[in-house]
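Student: Got a structure for you, questions after.
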Amino acid sequence: MILKQTDAFTRGRDYLHLVRGFALEPGMVDVFDNVRDRIPICTWIGDNINTVNAQINAYLELCHECFHPQERRHIQIFAVPIAQSFGIDGLCNILTNPITILVDVGRVAPRDWFGVVIHEYAHAHVADFGHNQQFASILSHLCLGLGLEPPYWEGGMEATLRSWPYCKSTIDPLEFWIGQGSRE
């Protein structure tokens with residue numbers, strides 16, 4: 001995604017408006033109502049989002065490598081602050097074409113971004129929102145291919161799969177988006 005505006009705030013604002021259209025509902029990206037942090041968030045995004053998106057796109061490509069080319073779905077991925085009221089690190093919108101993954105990289109440490117991408121990629125691959133046996137199978141395949149501990153399906157483990165692989169949440173997700181968050 002190329003943003004042509006020259007000032008960082010406008011690039012960040014336009015990026016958020018664009019990516020907001022890929023969310024399951026527009027309210028999932030709600031920094032515009034955050035009067036205190038809206039300007040620093042948009043400015044930071046305008047200056048840094050290409051670097052962040054390049055990193056999570058590299059993770060997306062590693063996930064693609066776990067499958068034959070003909071088995072790969074057309075998927076796009078973007079980093080975006082997701083409204084804290086939803087309490088999620090990422091989401092996969094299987095209703096868009098291409099399928100869209102949104103990752104709130106401020107909600108987890110950078111070392112855990114890959115895990116969020118893997119989880120959401122599994123949703124994209126099965127084209128389903130649920131955490132069922134088919135999801136567990138694809139997630140296991142990805143984890144094995146990418147060197148992470150795989151889940152092994154057992155009935156009733158849907159709740160466990162919601163946070164597999166485990167990612168430690170940050171204390172204040174917006175700190176990252178204003179340039180004050182941990183980079184570890």
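Labels used: A, B, ... for chains in the order of the structure tokens, numbers from 1 for residues in each chain, and numbers from 1 for ligands as shown.
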Tell me, as a ChimeraX atom specification, which residues lie within 9 Å of segment 19-21 of chain A, counting only C-alpha atoms; anything in the same chain fewer than 3 positions away does not count.
Tutor: /A:14-16,24-30,78-80,102
Student: Identify which of the residues A:Leu91, A:Ala23, A:Ala58, A:Cys66 lies closest to Leu139 of chain A, counting only C-alpha atoms when measuring atom-to-atom distances.
Tutor: A:Cys66
Student: Would you return as a list in words the members of segment 49-88 of chain A that DSSP assigns to strand (DSSP E or B) on this structure's backbone?
Tutor: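 Restricting segment 49-88 of chain A to strand (DSSP E or B) produces Ile75, Gln76, Ile77, Phe78 and Ala79 of chain A.
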Student: Selection from above, N, CA and C atoms, as a CSV table (one decimal), in the first residue's frame, can you write it?
Tutor:
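Writing the result to result-v2.csv gives the following:
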chain,number,residue,atom,x,y,z
A,75,ILE,N,-4.0,-13.7,0.2
A,75,ILE,CA,-4.2,-13.1,1.6
A,75,ILE,C,-3.4,-11.8,1.6
A,76,GLN,N,-4.0,-10.8,2.2
A,76,GLN,CA,-3.2,-9.5,2.5
A,76,GLN,C,-3.2,-9.3,4.0
A,77,ILE,N,-2.2,-8.6,4.4
A,77,ILE,CA,-2.0,-8.4,5.9
A,77,ILE,C,-1.6,-7.0,6.2
A,78,PHE,N,-2.2,-6.4,7.3
A,78,PHE,CA,-1.9,-5.1,7.7
A,78,PHE,C,-1.8,-5.0,9.2
A,79,ALA,N,-0.9,-4.1,9.7
A,79,ALA,CA,-0.8,-3.8,11.1
A,79,ALA,C,-1.8,-2.7,11.3
Student: If we count only C-alpha atoms and set the cut-off at 9 Å, which residues sit around segment 143-155 of chain A, ignoring sequence neighbours fewer than 6 positions away in its own chain? Please answer as a PyMOL selection string.
Tutor: chain A and resi 62-63+65-66+115+118+132-133+136-137+161+164-165
Student: Mind dumping a table of every segment 33-52 of chain A residue within 7 Å of segment 169-180 of chain A, with the nearest atom pair and its distance in Å to one decimal, using only C-alpha atoms, sorted by chain and rising number, as a Markdown table?
Tutor:
| residue | atom | partner | partner_atom | distance |
| --- | --- | --- | --- | --- |
| A:Pro40 | CA | A:Ile178 | CA | 5.3 |
| A:Ile41 | CA | A:Ile178 | CA | 4.8 |
| A:Trp44 | CA | A:Ile178 | CA | 5.7 |
| A:Ile45 | CA | A:Trp177 | CA | 6.9 |
Student: Give me the residues within 7 Å of Lys168 of chain A as a list in words, counting only C-alpha atoms and dropping any in the same chain fewer than 2 places off.
Tutor: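 Answer for this query is Val108, Ala109, Tyr166 and Thr170 of chain A.
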Student: Taking C-alpha atoms for each residue, export the selection above as a PDB file, in the first residue's frame.
Tutor:
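File part.pdb, as written:
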ATOM      1  CA  VAL A 108       1.960  -8.182  21.827  1.00  0.00           C
ATOM      2  CA  ALA A 109       5.748  -7.930  21.956  1.00  0.00           C
ATOM      3  CA  TYR A 166       0.623 -18.189  23.155  1.00  0.00           C
ATOM      4  CA  THR A 170       1.408  -5.791  26.463  1.00  0.00           C
TER       5      THR A 170
END
Student: Which of segment 77-110 of chain A end up as helix (DSSP H, G or I) when DSSP is run on this backbone - answer as a PyMOL selection string?
Tutor: chain A and resi 84-86+110
Student: Using all heavy atoms, can you export the residues from the last selection as an mmCIF file, in the first residue's frame?
Tutor:
data_model
loop_
_atom_site.group_PDB
_atom_site.id
_atom_site.type_symbol
_atom_site.label_atom_id
_atom_site.label_comp_id
_atom_site.auth_asym_id
_atom_site.auth_seq_id
_atom_site.Cartn_x
_atom_site.Cartn_y
_atom_site.Cartn_z
ATOM 1 N N GLN A 84 -9.476 -1.604 21.810
ATOM 2 C CA GLN A 84 -9.216 -2.416 22.996
ATOM 3 C C GLN A 84 -10.462 -3.135 23.495
ATOM 4 O O GLN A 84 -10.368 -4.196 24.107
ATOM 5 C CB GLN A 84 -8.601 -1.548 24.089
ATOM 6 C CG GLN A 84 -7.210 -1.085 23.707
ATOM 7 C CD GLN A 84 -6.531 -0.311 24.812
ATOM 8 O OE1 GLN A 84 -6.686 -0.623 25.982
ATOM 9 N NE2 GLN A 84 -5.779 0.704 24.436
ATOM 10 N N SER A 85 -11.628 -2.599 23.219
ATOM 11 C CA SER A 85 -12.870 -3.223 23.683
ATOM 12 C C SER A 85 -13.078 -4.606 23.067
ATOM 13 O O SER A 85 -13.807 -5.419 23.626
ATOM 14 C CB SER A 85 -14.069 -2.327 23.368
ATOM 15 O OG SER A 85 -14.168 -2.098 21.966
ATOM 16 N N PHE A 86 -12.421 -4.898 21.954
ATOM 17 C CA PHE A 86 -12.562 -6.218 21.327
ATOM 18 C C PHE A 86 -11.637 -7.242 21.965
ATOM 19 O O PHE A 86 -11.867 -8.439 21.861
ATOM 20 C CB PHE A 86 -12.309 -6.126 19.820
ATOM 21 C CG PHE A 86 -13.433 -5.468 19.087
ATOM 22 C CD1 PHE A 86 -13.461 -4.092 18.913
ATOM 23 C CD2 PHE A 86 -14.486 -6.211 18.587
ATOM 24 C CE1 PHE A 86 -14.498 -3.471 18.258
ATOM 25 C CE2 PHE A 86 -15.535 -5.604 17.930
ATOM 26 C CZ PHE A 86 -15.547 -4.222 17.773
ATOM 27 N N PRO A 110 7.039 -7.583 19.900
ATOM 28 C CA PRO A 110 7.455 -7.925 18.529
ATOM 29 C C PRO A 110 7.888 -9.382 18.355
ATOM 30 O O PRO A 110 7.653 -9.966 17.306
ATOM 31 C CB PRO A 110 8.615 -6.951 18.269
ATOM 32 C CG PRO A 110 8.245 -5.750 19.077
ATOM 33 C CD PRO A 110 7.636 -6.328 20.354
#
Student: Between atom CA of Arg107 of chain A and atom CA of Asp89 of chain A, what distance in Å does the model show, to one decimal?
Tutor: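 Atom-to-atom, atom CA of Arg107 of chain A to atom CA of Asp89 of chain A, that is 5.8 Å.
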Student: What's the 9 Å shell around Thr10 of chain A, counting only C-alpha atoms, without same-chain residues fewer than 6 positions away, as a list in words?
Tutor: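 Skipping anything fewer than 6 positions along the chain leaves Cys42, Thr43 and Gly46 of chain A.
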Student: Keeping only N, CA, C and O atoms, write the selected residues to a file as a compact mmCIF listing (two decimals), in the first residue's frame.
Tutor:
# COMPACT_ATOMS: atom_id res chain seq x y z
N CYS A 42 -1.55 8.64 14.56
CA CYS A 42 -1.55 8.81 13.10
C CYS A 42 -0.17 9.21 12.59
O CYS A 42 0.28 8.72 11.55
N THR A 43 0.52 10.09 13.30
CA THR A 43 1.85 10.53 12.89
C THR A 43 2.84 9.37 12.93
O THR A 43 3.62 9.16 11.99
N GLY A 46 2.11 7.06 10.09
CA GLY A 46 2.56 7.64 8.83
C GLY A 46 4.05 7.51 8.62
O GLY A 46 4.53 7.34 7.49
